[in-house]
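Student: One file: run_11.cif (mmCIF, C-alpha atoms).
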data_query
loop_
_atom_site.label_atom_id
_atom_site.label_comp_id
_atom_site.auth_asym_id
_atom_site.auth_seq_id
_atom_site.Cartn_x
_atom_site.Cartn_y
_atom_site.Cartn_z
CA ASP A 1 -35.64 -10.18 12.26
CA ILE A 2 -38.25 -7.46 11.64
CA ILE A 3 -39.96 -8.15 14.99
CA LEU A 4 -36.62 -8.00 16.82
CA ARG A 5 -35.54 -4.72 15.24
CA THR A 6 -38.89 -2.98 15.80
CA ASN A 7 -38.83 -3.96 19.50
CA ALA A 8 -35.12 -3.04 20.02
CA LEU A 9 -34.20 -6.67 20.62
CA ALA A 10 -31.12 -8.58 19.54
CA TYR A 11 -30.20 -12.20 19.01
CA ASP A 12 -27.21 -14.48 19.08
CA LYS A 13 -27.22 -17.69 17.08
CA GLN A 14 -25.34 -20.66 18.51
CA GLY A 15 -25.82 -23.71 16.33
CA ASP A 16 -29.60 -24.03 15.70
CA ILE A 17 -30.53 -22.04 18.82
CA TYR A 18 -31.34 -18.32 18.80
CA ASN A 19 -30.84 -16.46 22.10
CA ILE A 20 -33.12 -13.41 22.21
CA MET A 21 -32.06 -10.48 24.42
CA THR A 22 -32.41 -6.73 24.71
CA GLU A 23 -30.07 -4.42 22.84
CA ASP A 24 -28.44 -3.42 26.17
CA GLU A 25 -27.79 -7.05 27.14
CA PHE A 26 -26.22 -7.68 23.73
CA THR A 27 -24.01 -4.59 24.10
CA LYS A 28 -22.86 -5.66 27.57
CA ARG A 29 -22.15 -9.21 26.41
CA TYR A 30 -20.39 -8.46 23.10
CA GLY A 31 -19.14 -4.90 23.54
CA ARG A 32 -20.93 -3.54 20.46
CA LYS A 33 -24.45 -2.73 19.38
CA PHE A 34 -26.47 -5.41 17.63
CA SER A 35 -27.36 -3.03 14.81
CA ASP A 36 -23.67 -2.28 14.19
CA ALA A 37 -22.88 -3.90 10.83
CA ARG A 38 -19.15 -3.26 11.09
CA GLN A 39 -16.60 -6.04 11.05
CA ILE A 40 -12.93 -5.98 11.95
CA LYS A 41 -10.15 -7.10 9.63
CA ILE A 42 -6.39 -7.00 10.22
CA PHE A 43 -3.95 -6.76 7.31
CA GLN A 44 -0.25 -7.48 7.84
CA LEU A 45 1.79 -5.59 5.25
CA LYS A 46 4.97 -7.14 3.90
CA TYR A 47 5.98 -4.86 1.05
CA ALA A 48 3.73 -1.80 0.91
CA ILE A 49 4.46 1.39 2.85
CA PRO A 50 1.86 1.71 5.65
CA GLU A 51 1.19 5.45 5.28
CA ARG A 52 0.58 5.06 1.53
CA VAL A 53 -1.79 2.16 2.16
CA PHE A 54 -3.61 4.31 4.72
CA SER A 55 -4.10 7.19 2.29
CA ALA A 56 -5.28 4.78 -0.43
CA ILE A 57 -7.88 2.95 1.67
CA GLU A 58 -9.02 6.09 3.51
CA ALA A 59 -10.97 7.01 0.38
CA LEU A 60 -12.64 3.56 0.30
CA LYS A 61 -13.96 3.48 3.86
CA SER A 62 -17.60 4.15 4.65
CA GLU A 63 -18.84 6.88 6.98
CA VAL A 64 -18.90 4.46 9.93
CA GLY A 65 -15.49 2.94 9.15
CA LYS A 66 -12.28 3.39 11.10
CA ILE A 67 -8.68 2.68 10.07
CA LEU A 68 -5.66 2.29 12.33
CA VAL A 69 -2.13 1.86 10.95
CA ASP A 70 0.96 0.85 12.92
CA GLN A 71 4.00 2.18 11.05
CA GLU A 72 6.47 0.04 13.01
CA SER A 73 4.91 -3.38 12.49
CA GLY A 74 3.17 -2.67 9.16
CA MET A 75 -0.19 -3.73 10.56
CA VAL A 76 -3.44 -2.18 9.31
CA LEU A 77 -6.60 -2.61 11.40
CA VAL A 78 -9.84 -1.79 9.63
CA MET A 79 -13.34 -1.69 11.12
CA ASP A 80 -16.03 -1.20 8.50
CA THR A 81 -18.95 -2.79 6.66
CA GLU A 82 -18.42 -6.02 4.78
CA ALA A 83 -18.69 -4.34 1.35
CA ALA A 84 -16.14 -1.65 2.27
CA LEU A 85 -13.79 -4.29 3.69
CA GLU A 86 -13.88 -6.18 0.40
CA ARG A 87 -12.98 -3.02 -1.55
CA MET A 88 -10.12 -2.30 0.85
CA TYR A 89 -8.86 -5.88 0.63
CA GLU A 90 -8.63 -5.60 -3.16
CA ALA A 91 -6.83 -2.24 -2.94
CA ILE A 92 -4.33 -3.54 -0.40
CA GLY A 93 -3.73 -6.60 -2.58
CA THR A 94 -2.81 -4.31 -5.46
CA LEU A 95 -0.42 -2.26 -3.31
CA GLU A 96 1.06 -5.32 -1.60
CA GLN A 97 3.15 -6.61 -4.49
CA LYS A 98 6.72 -7.71 -3.95
CA ARG A 99 9.23 -5.28 -5.39
CA SER A 100 12.57 -6.16 -6.84
CA VAL A 101 15.79 -4.30 -6.05
CA LYS A 102 18.61 -3.75 -8.51
CA ILE A 103 21.92 -1.93 -8.18
CA TYR A 104 23.34 -0.17 -11.23
CA SER A 105 27.05 0.73 -11.43
CA LEU A 106 27.31 3.73 -13.71
CA GLN A 107 30.35 4.22 -15.93
CA TYR A 108 29.80 7.59 -17.57
CA ALA A 109 26.87 9.42 -15.99
CA LYS A 110 26.78 10.82 -12.46
CA ALA A 111 24.55 8.84 -10.11
CA LYS A 112 22.90 11.98 -8.69
CA ASP A 113 21.89 13.19 -12.19
CA VAL A 114 20.43 9.81 -13.19
CA GLU A 115 18.61 9.60 -9.83
CA GLU A 116 16.82 12.88 -10.51
CA ARG A 117 15.66 11.69 -13.92
CA LEU A 118 14.50 8.30 -12.66
CA LYS A 119 12.58 9.84 -9.76
CA THR A 120 10.14 11.39 -12.21
CA GLN A 121 9.46 7.90 -13.60
CA LEU A 122 9.22 6.08 -10.28
CA GLU A 123 7.88 8.61 -7.81
CA GLY A 124 5.69 10.70 -10.10
CA LYS A 125 2.55 8.92 -8.91
CA GLY A 126 2.92 9.59 -5.21
CA GLY A 127 5.82 7.18 -4.81
CA ALA A 128 3.63 4.13 -5.25
CA VAL A 129 5.63 2.75 -8.19
CA GLY A 130 9.11 2.58 -6.67
CA THR A 131 12.11 4.37 -5.23
CA VAL A 132 15.59 5.30 -6.41
CA VAL A 133 18.61 6.25 -4.27
CA SER A 134 22.05 7.25 -5.51
CA ASP A 135 25.42 6.59 -3.88
CA GLU A 136 27.76 9.31 -5.09
CA ARG A 137 30.84 7.72 -3.53
CA SER A 138 30.60 4.54 -5.63
CA ASN A 139 28.58 6.15 -8.47
CA GLN A 140 25.81 3.56 -8.10
CA LEU A 141 22.02 3.63 -8.19
CA ILE A 142 19.75 1.48 -6.04
CA VAL A 143 16.34 1.05 -7.65
CA GLN A 144 13.34 -0.64 -6.05
CA THR A 145 10.21 -1.18 -8.16
CA PHE A 146 7.75 -3.80 -9.39
CA PRO A 147 9.42 -6.61 -11.38
CA GLU A 148 7.45 -5.81 -14.52
CA ARG A 149 8.79 -2.23 -14.49
CA MET A 150 12.45 -3.25 -14.07
CA ASP A 151 12.96 -3.84 -17.82
CA GLN A 152 11.83 -0.29 -18.51
CA ILE A 153 14.23 1.02 -15.84
CA ASP A 154 17.08 -1.03 -17.39
CA LEU A 155 16.50 0.73 -20.72
CA LEU A 156 16.36 4.15 -19.08
CA VAL A 157 19.57 3.64 -17.13
CA ASP A 158 21.37 2.30 -20.21
CA SER A 159 20.27 5.29 -22.28
CA LEU A 160 21.30 7.77 -19.56
CA ASP A 161 24.66 6.11 -18.89
CA GLN A 162 26.20 6.86 -22.28
CA LYS A 163 29.63 8.18 -23.03
CA THR A 164 29.37 11.87 -23.82
CA LYS A 165 30.25 12.66 -27.41
CA GLU A 166 33.38 14.66 -27.90
CA VAL A 167 34.32 17.00 -30.68
CA LEU A 168 37.94 17.46 -31.66
CA ILE A 169 38.75 20.75 -33.31
CA VAL A 170 42.17 21.14 -34.91
CA ALA A 171 43.13 24.65 -35.87
CA LYS A 172 46.32 26.00 -37.47
CA ILE A 173 47.19 29.64 -37.21
#
As a first step, turn the structure in this file into structure tokens.
Tutor:
Amino acid sequence: DIILRTNALAYDKQGDIYNIMTEDEFTKRYGRKFSDARQIKIFQLKYAIPERVFSAIEALKSEVGKILVDQESGMVLVMDTEAALERMYEAIGTLEQKRSVKIYSLQYAKAKDVEERLKTQLEGKGGAVGTVVSDERSNQLIVQTFPERMDQIDLLVDSLDQKTKEVLIVAKI
């Protein structure tokens, strides 16, 4: 390996046989330089939002790395070193969790008001935790978040959807 690199030579191993060639021959044959340590990995997203995945793994790539994201198909193509690819794979695995969806029918509170309060809980961290949308016509909330967070959202919605206390004042003049 040292002799090859000092003489600008490359090799290709097929079984137990090493084919020795110049760096130019290797580049013509394989379309990349022999000294290029980058590998290509394709991730198919099912649940995560592609642009958020891109911004998360952009910080993990090396100086020689490249990232391409297709918003339509949810495909992420990464070309980087093996170590950087492993870090990105772990990060994508964290972001690629299935989210549960729940619809809340509100009785007392207005859906738009509850939506604003829940957005601070769900979208406060760059929107990575979940989303909330209100339907004013039916006074319903549609919440999408990680299953482990749904219990916390249930408590919040129940506490916000309370009957407003009334005060009755009787006066005689």
Student: Evaluating the PyMOL selection byres ((chain A and resi 161) around 9) on the displayed file yields which residues, as a ChimeraX atom specification?
Tutor: /A:106-110,114,156-160,162-164
Student: Neighbours of Val132 in chain A within 9 Å (all atoms listed in the file; same-chain residues fewer than 5 positions away dropped), as a PyMOL selection string?
Tutor: chain A and resi 115-116+118-119+122-123+141-145
Student: What does the PyMOL selection byres ((chain A and resi 39-45) around 7) select in this file, as a PDB file with C-alpha atoms, keeping the file's coordinate frame?
Tutor:
ATOM      1  CA  ALA A  37     -22.880  -3.900  10.830  1.00  0.00           C
ATOM      2  CA  ARG A  38     -19.150  -3.260  11.090  1.00  0.00           C
ATOM      3  CA  LYS A  46       4.970  -7.140   3.900  1.00  0.00           C
ATOM      4  CA  TYR A  47       5.980  -4.860   1.050  1.00  0.00           C
ATOM      5  CA  ALA A  48       3.730  -1.800   0.910  1.00  0.00           C
ATOM      6  CA  GLY A  74       3.170  -2.670   9.160  1.00  0.00           C
ATOM      7  CA  MET A  75      -0.190  -3.730  10.560  1.00  0.00           C
ATOM      8  CA  VAL A  76      -3.440  -2.180   9.310  1.00  0.00           C
ATOM      9  CA  LEU A  77      -6.600  -2.610  11.400  1.00  0.00           C
ATOM     10  CA  VAL A  78      -9.840  -1.790   9.630  1.00  0.00           C
ATOM     11  CA  MET A  79     -13.340  -1.690  11.120  1.00  0.00           C
ATOM     12  CA  ASP A  80     -16.030  -1.200   8.500  1.00  0.00           C
ATOM     13  CA  THR A  81     -18.950  -2.790   6.660  1.00  0.00           C
ATOM     14  CA  GLU A  82     -18.420  -6.020   4.780  1.00  0.00           C
ATOM     15  CA  GLU A  96       1.060  -5.320  -1.600  1.00  0.00           C
TER      16      GLU A  96
END
Student: Run the PyMOL selection byres ((chain A and resi 135) around 10) against the file shown and list the residues it catches, as a PyMOL selection string.
Tutor: chain A and resi 105+110-112+115+133-134+136-142
Student: A:Pro147, A:Gly31, A:Gly65, A:Gly15: which is nearest Met88 in chain A, counting all atoms listed in the file?
Tutor: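 Closest candidate: A:Gly65.
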Student: If we count all atoms listed in the file and set the cut-off at 9 Å, which residues sit around range 89-92 of chain A, ignoring sequence neighbours fewer than 2 positions away in its own chain? Please answer as an MDAnalysis selection string.
Tutor: chainID A and resid 43 45 48 53 56:57 60 84:87 94:96
Student: Padding 5 Å on each side, edges along x, y and z: where is the centre of the box around the listed atoms of range 60-64 of chain A, and how long are its edges in Å to one decimal? Output it as AutoDock Vina command-line options.
Tutor:
--center_x -15.8 --center_y 5.2 --center_z 5.1 --size_x 16.3 --size_y 13.4 --size_z 19.6
Student: How many Å separate CA of Ser100 in chain A from CA of Ala59 in chain A?
Tutor: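 We find that CA of Ser100 in chain A and CA of Ala59 in chain A lie 27.9 Å from each other.
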Student: Taking into account all atoms listed in the file, which residue in the set A:Lys13, A:Asp36, A:Gln121, A:Glu51 is nearest to Val64 in chain A?
Tutor: A:Asp36
Student: So what do you get for CA of Ser55 in chain A versus CA of Arg32 in chain A, distance-wise?
Tutor: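 That distance, rounded to one decimal, is 27.0 Å.
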Student: In Å, how far is it from CA of Asp154 in chain A to CA of Lys98 in chain A?
Tutor: 18.2 Å
Student: Return the single residue from A:Val129, A:Ile20, A:Leu168, A:Leu4 that is closest to Gln97 in chain A, with distances computed using all atoms listed in the file.
Tutor: A:Val129
Student: Compile the contact shell of Ala10 in chain A as a PDB file with C-alpha atoms, in the frame of the given file: residues with an atom at most 8 Å away, counting all atoms listed in the file, same-chain residues fewer than 3 positions apart removed.
Tutor:
ATOM      1  CA  LEU A   4     -36.620  -8.000  16.820  1.00  0.00           C
ATOM      2  CA  ARG A   5     -35.540  -4.720  15.240  1.00  0.00           C
ATOM      3  CA  ILE A  20     -33.120 -13.410  22.210  1.00  0.00           C
ATOM      4  CA  MET A  21     -32.060 -10.480  24.420  1.00  0.00           C
ATOM      5  CA  THR A  22     -32.410  -6.730  24.710  1.00  0.00           C
ATOM      6  CA  GLU A  23     -30.070  -4.420  22.840  1.00  0.00           C
ATOM      7  CA  PHE A  26     -26.220  -7.680  23.730  1.00  0.00           C
ATOM      8  CA  PHE A  34     -26.470  -5.410  17.630  1.00  0.00           C
TER       9      PHE A  34
END
Student: Missing atoms in range 73-93 of chain A: can you complete it with N, CA and C atoms, as a PDB file, in the coordinates of the input?
Tutor:
ATOM      1  N   SER A  73       5.129  -1.967  12.798  1.00  0.00           N
ATOM      2  CA  SER A  73       4.910  -3.380  12.490  1.00  0.00           C
ATOM      3  C   SER A  73       4.297  -3.590  11.100  1.00  0.00           C
ATOM      4  N   GLY A  74       3.802  -2.542  10.469  1.00  0.00           N
ATOM      5  CA  GLY A  74       3.170  -2.670   9.160  1.00  0.00           C
ATOM      6  C   GLY A  74       1.791  -3.305   9.245  1.00  0.00           C
ATOM      7  N   MET A  75       1.126  -3.145  10.378  1.00  0.00           N
ATOM      8  CA  MET A  75      -0.190  -3.730  10.560  1.00  0.00           C
ATOM      9  C   MET A  75      -1.270  -2.665  10.328  1.00  0.00           C
ATOM     10  N   VAL A  76      -2.310  -3.066   9.582  1.00  0.00           N
ATOM     11  CA  VAL A  76      -3.440  -2.180   9.310  1.00  0.00           C
ATOM     12  C   VAL A  76      -4.682  -2.827   9.883  1.00  0.00           C
ATOM     13  N   LEU A  77      -5.356  -2.128  10.796  1.00  0.00           N
ATOM     14  CA  LEU A  77      -6.600  -2.610  11.400  1.00  0.00           C
ATOM     15  C   LEU A  77      -7.731  -1.788  10.841  1.00  0.00           C
ATOM     16  N   VAL A  78      -8.710  -2.472  10.260  1.00  0.00           N
ATOM     17  CA  VAL A  78      -9.840  -1.790   9.630  1.00  0.00           C
ATOM     18  C   VAL A  78     -11.131  -2.294  10.246  1.00  0.00           C
ATOM     19  N   MET A  79     -12.007  -1.355  10.627  1.00  0.00           N
ATOM     20  CA  MET A  79     -13.340  -1.690  11.120  1.00  0.00           C
ATOM     21  C   MET A  79     -14.332  -0.982  10.211  1.00  0.00           C
ATOM     22  N   ASP A  80     -15.107  -1.792   9.460  1.00  0.00           N
ATOM     23  CA  ASP A  80     -16.030  -1.200   8.500  1.00  0.00           C
ATOM     24  C   ASP A  80     -17.064  -2.246   8.078  1.00  0.00           C
ATOM     25  N   THR A  81     -17.939  -1.860   7.175  1.00  0.00           N
ATOM     26  CA  THR A  81     -18.950  -2.790   6.660  1.00  0.00           C
ATOM     27  C   THR A  81     -18.282  -3.833   5.782  1.00  0.00           C
ATOM     28  N   GLU A  82     -18.980  -4.916   5.557  1.00  0.00           N
ATOM     29  CA  GLU A  82     -18.420  -6.020   4.780  1.00  0.00           C
ATOM     30  C   GLU A  82     -18.070  -5.584   3.343  1.00  0.00           C
ATOM     31  N   ALA A  83     -18.928  -4.792   2.720  1.00  0.00           N
ATOM     32  CA  ALA A  83     -18.690  -4.340   1.350  1.00  0.00           C
ATOM     33  C   ALA A  83     -17.443  -3.443   1.284  1.00  0.00           C
ATOM     34  N   ALA A  84     -17.310  -2.531   2.245  1.00  0.00           N
ATOM     35  CA  ALA A  84     -16.140  -1.650   2.270  1.00  0.00           C
ATOM     36  C   ALA A  84     -14.867  -2.444   2.538  1.00  0.00           C
ATOM     37  N   LEU A  85     -14.959  -3.453   3.411  1.00  0.00           N
ATOM     38  CA  LEU A  85     -13.790  -4.290   3.690  1.00  0.00           C
ATOM     39  C   LEU A  85     -13.319  -5.033   2.449  1.00  0.00           C
ATOM     40  N   GLU A  86     -14.256  -5.491   1.637  1.00  0.00           N
ATOM     41  CA  GLU A  86     -13.880  -6.180   0.400  1.00  0.00           C
ATOM     42  C   GLU A  86     -13.167  -5.242  -0.562  1.00  0.00           C
ATOM     43  N   ARG A  87     -13.647  -4.002  -0.688  1.00  0.00           N
ATOM     44  CA  ARG A  87     -12.980  -3.020  -1.550  1.00  0.00           C
ATOM     45  C   ARG A  87     -11.570  -2.721  -1.046  1.00  0.00           C
ATOM     46  N   MET A  88     -11.438  -2.581   0.276  1.00  0.00           N
ATOM     47  CA  MET A  88     -10.120  -2.300   0.850  1.00  0.00           C
ATOM     48  C   MET A  88      -9.166  -3.476   0.672  1.00  0.00           C
ATOM     49  N   TYR A  89      -9.684  -4.686   0.806  1.00  0.00           N
ATOM     50  CA  TYR A  89      -8.860  -5.880   0.630  1.00  0.00           C
ATOM     51  C   TYR A  89      -8.289  -5.941  -0.788  1.00  0.00           C
ATOM     52  N   GLU A  90      -9.105  -5.622  -1.781  1.00  0.00           N
ATOM     53  CA  GLU A  90      -8.630  -5.600  -3.160  1.00  0.00           C
ATOM     54  C   GLU A  90      -7.574  -4.512  -3.367  1.00  0.00           C
ATOM     55  N   ALA A  91      -7.797  -3.337  -2.787  1.00  0.00           N
ATOM     56  CA  ALA A  91      -6.830  -2.240  -2.940  1.00  0.00           C
ATOM     57  C   ALA A  91      -5.505  -2.586  -2.274  1.00  0.00           C
ATOM     58  N   ILE A  92      -5.561  -3.159  -1.090  1.00  0.00           N
ATOM     59  CA  ILE A  92      -4.330  -3.540  -0.400  1.00  0.00           C
ATOM     60  C   ILE A  92      -3.606  -4.625  -1.174  1.00  0.00           C
ATOM     61  N   GLY A  93      -4.348  -5.560  -1.759  1.00  0.00           N
ATOM     62  CA  GLY A  93      -3.730  -6.600  -2.580  1.00  0.00           C
ATOM     63  C   GLY A  93      -2.966  -6.024  -3.755  1.00  0.00           C
TER      64      GLY A  93
END
